[in-house]
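The next block is run.cif, given as mmCIF, C-alpha atoms.
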data_my_file
#
loop_
_atom_site.label_atom_id
_atom_site.label_comp_id
_atom_site.auth_asym_id
_atom_site.auth_seq_id
_atom_site.Cartn_x
_atom_site.Cartn_y
_atom_site.Cartn_z
CA MET Z 655 -11.77 41.40 -46.03
CA ALA Z 656 -10.24 40.35 -42.80
CA HIS Z 657 -6.47 40.51 -42.66
CA ASP Z 658 -3.84 40.54 -40.06
CA HIS Z 659 -1.25 43.31 -40.06
CA LYS Z 660 -1.27 46.75 -38.55
CA HIS Z 661 0.13 48.11 -41.80
CA ASP Z 662 -2.92 46.84 -43.67
CA GLN Z 663 -5.22 49.32 -41.91
CA ASN Z 664 -8.54 49.11 -43.71
CA HIS Z 665 -7.97 47.50 -47.02
CA GLN Z 666 -11.65 46.67 -47.23
CA ASN Z 667 -13.47 49.72 -48.43
CA HIS Z 668 -16.02 49.31 -51.16
CA ASP Z 669 -17.70 50.57 -54.23
CA HIS Z 670 -18.59 49.19 -57.63
CA ASP Z 671 -15.61 50.00 -59.82
CA HIS Z 672 -16.23 49.43 -63.51
CA ASP Z 673 -12.78 48.09 -64.32
CA HIS Z 674 -13.18 44.46 -65.24
CA ASP Z 675 -9.63 43.77 -66.42
CA HIS Z 676 -8.67 42.71 -62.94
CA LYS Z 677 -5.92 40.27 -63.80
CA HIS Z 678 -4.00 42.80 -65.85
CA GLN Z 679 -4.64 45.67 -63.47
CA HIS Z 680 -3.48 43.78 -60.38
CA GLU Z 681 -0.82 41.40 -61.66
CA THR Z 682 1.51 42.38 -58.81
CA ASP Z 683 -1.14 43.11 -56.20
CA PRO Z 684 -3.56 40.23 -55.66
CA PHE Z 685 -4.58 41.71 -52.31
CA ALA Z 686 -5.87 44.86 -53.99
CA GLU Z 687 -7.59 42.75 -56.62
CA MET Z 688 -9.36 40.71 -53.93
CA LEU Z 689 -10.74 43.82 -52.27
CA ASP Z 690 -11.81 45.43 -55.54
CA LEU Z 691 -13.57 42.20 -56.52
CA ASP Z 692 -15.36 42.18 -53.18
CA ALA Z 693 -16.82 45.57 -54.08
CA GLU Z 694 -17.85 44.35 -57.53
CA VAL Z 695 -19.41 41.04 -56.50
CA LEU Z 696 -21.22 42.56 -53.49
CA HIS Z 697 -22.33 45.62 -55.43
CA GLU Z 698 -25.95 45.55 -54.25
CA TYR Z 699 -24.92 45.44 -50.60
CA HIS Z 700 -22.48 48.30 -51.07
CA ALA Z 701 -25.07 50.41 -52.90
CA ASP Z 702 -27.51 49.87 -50.01
CA LEU Z 703 -24.79 50.81 -47.54
CA LEU Z 704 -23.88 54.05 -49.34
CA GLY Z 705 -27.55 54.95 -49.70
CA ARG Z 706 -28.06 54.71 -45.93
CA VAL Z 707 -24.98 56.82 -45.27
CA HIS Z 708 -26.09 59.44 -47.81
CA ASP Z 709 -29.53 59.63 -46.22
CA ALA Z 710 -27.91 60.34 -42.84
CA VAL Z 711 -25.75 63.24 -44.06
CA PRO Z 712 -26.87 64.22 -47.61
CA ASP Z 713 -25.11 67.60 -47.68
CA ALA Z 714 -21.67 66.42 -46.60
CA ARG Z 715 -18.91 68.64 -47.97
CA ARG Z 716 -15.88 67.24 -46.19
CA ILE Z 717 -15.45 63.46 -45.84
CA VAL Z 718 -12.58 61.45 -44.35
CA ASP Z 719 -12.01 57.77 -45.14
CA VAL Z 720 -10.29 56.41 -42.04
CA GLY Z 721 -8.03 53.66 -43.35
CA SER Z 722 -8.84 53.83 -47.04
CA GLY Z 723 -7.01 50.72 -48.22
CA THR Z 724 -7.43 50.18 -51.96
CA GLY Z 725 -9.77 53.15 -52.01
CA THR Z 726 -13.00 51.54 -53.11
CA GLY Z 727 -14.78 53.33 -50.27
CA SER Z 728 -13.23 56.68 -51.16
CA LEU Z 729 -14.24 56.25 -54.78
CA ALA Z 730 -17.80 55.29 -53.84
CA LEU Z 731 -18.08 58.23 -51.47
CA ALA Z 732 -16.75 60.68 -54.06
CA ARG Z 733 -19.32 59.45 -56.58
CA ARG Z 734 -22.19 59.43 -54.10
CA PHE Z 735 -21.27 62.88 -52.72
CA PRO Z 736 -20.09 64.79 -55.82
CA GLN Z 737 -20.18 68.09 -53.91
CA ALA Z 738 -17.71 66.83 -51.28
CA GLU Z 739 -13.97 66.54 -50.93
CA VAL Z 740 -12.86 63.09 -49.77
CA LEU Z 741 -9.64 62.70 -47.82
CA ALA Z 742 -8.28 59.14 -47.83
CA LEU Z 743 -6.05 58.23 -44.89
CA ASP Z 744 -3.97 55.05 -44.86
CA LEU Z 745 -0.55 53.85 -43.74
CA SER Z 746 0.27 52.09 -47.02
CA GLU Z 747 1.92 54.27 -49.67
CA GLN Z 748 1.33 51.50 -52.23
CA LEU Z 749 -2.42 51.42 -51.66
CA LEU Z 750 -2.69 55.21 -51.61
CA ALA Z 751 -0.92 55.24 -54.98
CA HIS Z 752 -3.37 52.58 -56.20
CA LEU Z 753 -6.23 54.86 -55.16
CA ALA Z 754 -4.70 58.00 -56.67
CA HIS Z 755 -4.32 56.18 -60.00
CA ARG Z 756 -8.06 55.39 -60.03
CA ALA Z 757 -9.31 58.75 -58.75
CA HIS Z 758 -8.98 60.80 -61.93
CA GLY Z 759 -11.82 63.30 -62.21
CA LEU Z 760 -12.93 62.77 -58.61
CA ASN Z 761 -12.37 65.12 -55.69
CA ILE Z 762 -10.16 62.80 -53.63
CA ARG Z 763 -6.98 63.63 -51.73
CA THR Z 764 -4.70 61.06 -50.14
CA GLN Z 765 -2.59 61.36 -47.01
CA GLN Z 766 -0.32 58.80 -45.42
CA ALA Z 767 -1.12 58.41 -41.75
CA ASP Z 768 -0.41 55.86 -39.03
CA LEU Z 769 -3.75 55.91 -37.26
CA ASP Z 770 -2.27 54.14 -34.25
CA GLU Z 771 -0.13 57.25 -33.78
CA GLY Z 772 -3.15 59.55 -33.89
CA LEU Z 773 -5.54 61.11 -36.35
CA PRO Z 774 -3.87 63.95 -38.29
CA ALA Z 775 -5.14 67.50 -37.82
CA LEU Z 776 -8.30 67.96 -39.91
CA GLU Z 777 -10.70 70.70 -40.83
CA PRO Z 778 -14.14 69.99 -39.31
CA VAL Z 779 -15.50 66.86 -41.01
CA ASP Z 780 -19.13 66.21 -42.01
CA LEU Z 781 -18.72 62.45 -42.49
CA ALA Z 782 -16.12 60.00 -41.25
CA TRP Z 783 -16.11 56.55 -42.85
CA ALA Z 784 -14.25 53.51 -41.50
CA SER Z 785 -14.78 50.25 -43.34
CA ALA Z 786 -13.16 47.16 -41.81
CA SER Z 787 -10.43 49.31 -40.31
CA MET Z 788 -11.52 49.88 -36.74
CA HIS Z 789 -10.84 46.31 -35.63
CA HIS Z 790 -7.18 46.79 -36.60
CA MET Z 791 -6.62 49.76 -34.31
CA ALA Z 792 -4.41 49.17 -31.31
CA ASP Z 793 -6.59 51.52 -29.22
CA PRO Z 794 -9.96 51.85 -30.94
CA ASP Z 795 -11.50 53.88 -28.10
CA ARG Z 796 -8.89 56.59 -28.65
CA VAL Z 797 -9.53 56.61 -32.41
CA VAL Z 798 -13.30 56.87 -31.87
CA ALA Z 799 -12.77 59.80 -29.48
CA GLU Z 800 -10.48 61.55 -31.98
CA ILE Z 801 -13.05 61.13 -34.75
CA LEU Z 802 -15.76 62.58 -32.50
CA THR Z 803 -13.56 65.66 -32.02
CA ALA Z 804 -12.81 65.89 -35.76
CA LEU Z 805 -16.50 65.88 -36.72
CA ARG Z 806 -18.55 69.06 -36.78
CA PRO Z 807 -21.54 69.02 -34.39
CA GLY Z 808 -24.19 66.98 -36.17
CA GLY Z 809 -21.58 65.16 -38.24
CA VAL Z 810 -21.79 61.41 -38.80
CA PHE Z 811 -19.38 58.53 -38.25
CA ALA Z 812 -20.14 55.42 -40.34
CA VAL Z 813 -18.47 52.25 -39.06
CA VAL Z 814 -18.64 49.23 -41.35
CA GLU Z 815 -17.34 45.93 -40.01
CA LEU Z 816 -17.23 42.26 -40.93
CA THR Z 817 -17.17 39.08 -38.89
CA GLY Z 818 -14.68 37.22 -41.05
CA PHE Z 819 -13.62 35.97 -44.46
CA PRO Z 820 -16.35 35.06 -46.98
CA ARG Z 821 -17.18 31.42 -47.69
CA PHE Z 822 -17.62 30.07 -51.20
CA VAL Z 823 -18.57 26.37 -50.96
CA ALA Z 824 -21.05 24.56 -48.75
CA GLY Z 825 -20.16 22.10 -46.04
CA ASP Z 826 -18.40 21.97 -42.69
CA ASP Z 827 -16.03 19.10 -43.48
CA ASN Z 828 -13.89 20.39 -46.32
CA VAL Z 829 -10.63 22.25 -46.75
CA GLU Z 830 -12.32 25.67 -46.86
CA ALA Z 831 -13.93 25.01 -43.47
CA ARG Z 832 -10.54 24.00 -42.07
CA LEU Z 833 -9.00 27.21 -43.42
CA HIS Z 834 -11.68 29.21 -41.63
CA THR Z 835 -10.87 27.42 -38.37
CA LEU Z 836 -7.22 28.41 -38.75
CA LEU Z 837 -8.18 31.98 -39.64
CA LYS Z 838 -10.49 32.30 -36.64
CA ALA Z 839 -7.71 31.22 -34.30
CA GLN Z 840 -5.34 33.73 -35.88
CA HIS Z 841 -7.87 36.53 -35.52
CA GLU Z 842 -8.46 35.69 -31.86
CA GLU Z 843 -4.73 36.05 -31.24
CA HIS Z 844 -3.83 39.00 -33.48
CA VAL Z 845 -7.06 40.91 -34.20
CA PRO Z 846 -8.80 40.94 -30.82
CA HIS Z 847 -11.21 43.76 -31.70
CA MET Z 848 -12.84 41.92 -34.61
CA GLY Z 849 -16.46 41.33 -33.64
CA ASP Z 850 -16.54 44.07 -31.00
CA ASP Z 851 -19.77 45.88 -30.15
CA TRP Z 852 -19.02 49.14 -31.95
CA GLY Z 853 -22.35 50.61 -30.96
CA ALA Z 854 -21.32 50.45 -27.31
CA ARG Z 855 -17.92 51.98 -28.08
CA LEU Z 856 -19.50 54.82 -30.05
CA ALA Z 857 -22.06 55.57 -27.34
CA LYS Z 858 -19.37 55.49 -24.65
CA ALA Z 859 -17.37 58.10 -26.58
CA GLY Z 860 -20.35 60.45 -26.72
CA PHE Z 861 -21.92 59.62 -30.08
CA THR Z 862 -25.64 59.13 -30.60
CA VAL Z 863 -25.99 55.81 -32.41
CA GLU Z 864 -28.82 56.19 -34.93
CA ILE Z 865 -28.54 52.99 -36.95
CA GLU Z 866 -27.18 49.52 -36.18
CA ARG Z 867 -27.82 47.21 -39.11
CA HIS Z 868 -26.47 43.72 -39.78
CA PHE Z 869 -26.36 42.34 -43.31
CA PRO Z 870 -26.27 38.54 -43.67
CA ILE Z 871 -25.20 38.05 -47.30
CA ALA Z 872 -25.81 34.81 -49.20
CA LEU Z 873 -25.43 35.08 -52.97
CA THR Z 874 -26.46 32.10 -55.07
CA ALA Z 875 -26.83 31.49 -58.80
CA PRO Z 876 -27.06 33.45 -60.96
CA LEU Z 877 -23.93 35.02 -59.55
CA PRO Z 878 -22.09 38.13 -60.75
CA PRO Z 879 -19.58 37.29 -63.51
CA ALA Z 880 -16.57 38.09 -61.32
CA THR Z 881 -17.56 35.69 -58.51
CA ALA Z 882 -15.29 32.79 -59.53
CA ARG Z 883 -12.28 35.10 -59.78
CA TYR Z 884 -13.20 36.64 -56.41
CA ALA Z 885 -13.30 33.17 -54.85
CA GLU Z 886 -10.05 32.18 -56.57
CA VAL Z 887 -8.08 35.21 -55.38
CA SER Z 888 -9.54 34.94 -51.87
CA LEU Z 889 -8.73 31.24 -51.49
CA LEU Z 890 -5.25 31.74 -52.94
CA ARG Z 891 -4.66 34.33 -50.23
CA LEU Z 892 -5.69 31.83 -47.56
CA ARG Z 893 -3.49 29.19 -49.20
CA GLU Z 894 -0.49 31.50 -49.06
CA LYS Z 895 -1.18 32.33 -45.43
CA PHE Z 896 -1.80 28.81 -44.12
CA ALA Z 897 0.07 26.44 -46.43
CA PRO Z 898 2.56 25.52 -43.66
CA ASP Z 899 -0.36 24.50 -41.43
CA LEU Z 900 -2.04 22.26 -44.02
CA GLY Z 901 -1.14 18.67 -44.77
CA ALA Z 902 -0.49 17.35 -48.26
CA ALA Z 903 -4.05 16.03 -48.61
CA ASP Z 904 -5.57 19.38 -47.66
CA LEU Z 905 -3.29 21.26 -50.04
CA ALA Z 906 -4.22 18.91 -52.86
CA GLU Z 907 -7.93 19.32 -52.07
CA LEU Z 908 -7.54 23.11 -51.96
CA ASP Z 909 -5.68 23.24 -55.28
CA THR Z 910 -8.38 21.11 -56.89
CA LEU Z 911 -11.09 23.37 -55.46
CA ILE Z 912 -9.37 26.53 -56.71
CA GLY Z 913 -8.81 25.09 -60.16
CA ASP Z 914 -12.43 23.97 -60.46
CA LEU Z 915 -14.09 27.19 -59.27
CA PRO Z 916 -15.22 28.41 -62.73
CA ASN Z 917 -17.02 25.09 -63.30
CA ARG Z 918 -18.73 24.63 -59.95
CA GLY Z 919 -22.50 24.82 -59.94
CA ASP Z 920 -22.65 25.16 -56.15
CA LEU Z 921 -20.51 28.27 -55.86
CA THR Z 922 -21.92 30.85 -53.43
CA VAL Z 923 -20.79 33.89 -51.46
CA ARG Z 924 -21.67 33.91 -47.77
CA THR Z 925 -20.55 36.64 -45.42
CA ASP Z 926 -21.80 38.96 -42.69
CA ARG Z 927 -21.30 42.72 -42.61
CA SER Z 928 -22.53 45.36 -40.18
CA LEU Z 929 -23.12 49.11 -40.23
CA TRP Z 930 -23.25 51.57 -37.35
CA LEU Z 931 -24.23 55.18 -38.05
CA ALA Z 932 -23.44 57.50 -35.17
CA ARG Z 933 -23.86 61.27 -34.93
CA ARG Z 934 -21.95 63.83 -32.94
CA PRO Z 935 -24.55 65.66 -30.85
CA LEU Z 936 -25.26 69.30 -31.69
#
File written out as structure tokens:
Amino acid sequence: MAHDHKHDQNHQNHDHDHDHDHKHQHETDPFAEMLDLDAEVLHEYHADLLGRVHDAVPDARRIVDVGSGTGTGSLALARRFPQAEVLALDLSEQLLAHLAHRAHGLNIRTQQADLDEGLPALEPVDLAWASASMHHMADPDRVVAEILTALRPGGVFAVVELTGFPRFVAGDDNVEARLHTLLKAQHEEHVPHMGDDWGARLAKAGFTVEIERHFPIALTAPLPPATARYAEVSLLRLREKFAPDLGAADLAELDTLIGDLPNRGDLTVRTDRSLWLARRPL
């Protein structure tokens, strides 16, 4: 999920976590709930993603999650690569604690790290994973170069990125569309690397880019059971962010939309994600 603060480095990793009591689990952390719901609702996409990564480096023993966020990516990687140790790096102590709480029985370590200050010293890594974190880096070329050095020869760097916030209702003349216009302007100002050509960056650093795959996602009925809650939490986050920029009529329309989400027959999930798989040459 796109967001806008350096200290939120990669809070968009994914897997399908089988904890459905989201409201209780995340009463004080709606941001974490939003990202966990993204993994649940888009489960098929995430399973496809992890399958492609596993095919590229099936025997990975040491994995680093670069900007682990809520840890859904770390959890998915630990389950998909049971023979591996996963190291989750993130700046947020709160989100690392959230991950550690969910990682019982899995071979996951956490380490606080400000990736804009440099990648910490690592043992040679078989797989580096960065999901929706690279566009938050102040100097992404430096981070890519550091990851190349951290990987063993033949190791793989998986970069997963998104073009923006998901959309839940149709139409270009409604309050959701206006929220997306505001969000796009904010991203252009504060998140300039969103939408970059990561394949070009990876190749420039010395990687061999093996896969570049774009995933246009459009879920329609029948939708996963958690979709309405996912839309609710996501739109509430946008409401909190942009309420000062919305007039009374837009706020009223938004509140009506949010309240009616469980009853809407036209609810959908539309988003675009991309994957780059790049290998350090032997």
Compute the distance from (-0.6, 26.3, -54.8) to each atom, counting only C-alpha atoms, keep the residues with any atom at most 9 Å away, and return them as a PDB file with C-alpha atoms, keeping the file's coordinate frame; use the coordinates of the file.
ATOM      1  CA  LEU Z 890      -5.250  31.740 -52.940  1.00  0.00           C
ATOM      2  CA  ARG Z 893      -3.490  29.190 -49.200  1.00  0.00           C
ATOM      3  CA  GLU Z 894      -0.490  31.500 -49.060  1.00  0.00           C
ATOM      4  CA  ALA Z 897       0.070  26.440 -46.430  1.00  0.00           C
ATOM      5  CA  LEU Z 905      -3.290  21.260 -50.040  1.00  0.00           C
ATOM      6  CA  ALA Z 906      -4.220  18.910 -52.860  1.00  0.00           C
ATOM      7  CA  LEU Z 908      -7.540  23.110 -51.960  1.00  0.00           C
ATOM      8  CA  ASP Z 909      -5.680  23.240 -55.280  1.00  0.00           C
ATOM      9  CA  ILE Z 912      -9.370  26.530 -56.710  1.00  0.00           C
TER      10      ILE Z 912
END
Can you list every residue of range 898-930 of chain Z that has an atom at most 10 Å from range 698-722 of chain Z, with its nearest atom pair and the distance in Å to one decimal, using all atoms listed in the file, ordered by chain then number, as JSON lines?
{"residue": "Z:Arg927", "atom": "CA", "partner": "Z:Tyr699", "partner_atom": "CA", "distance": 9.2}
{"residue": "Z:Ser928", "atom": "CA", "partner": "Z:Leu703", "partner_atom": "CA", "distance": 9.4}
{"residue": "Z:Leu929", "atom": "CA", "partner": "Z:Leu703", "partner_atom": "CA", "distance": 7.7}
{"residue": "Z:Trp930", "atom": "CA", "partner": "Z:Val707", "partner_atom": "CA", "distance": 9.7}
Using only the atoms of range 764-783 of chain Z listed in the file, plus 8 Å on each side, state the axis-aligned box centre and edge lengths in Å rounded to one decimal, as JSON.
{"center_x": -9.6, "center_y": 62.4, "center_z": -42.0, "size_x": 35.0, "size_y": 32.6, "size_z": 32.4}
### Query
Which value, in Å to one decimal, gives the distance between CA of Leu889 in chain Z and CA of His697 in chain Z?
20.2 Å
### Task
Tell me, in Å to one decimal, how far CA of Ala742 in chain Z is from CA of Ala784 in chain Z.
10.4 Å
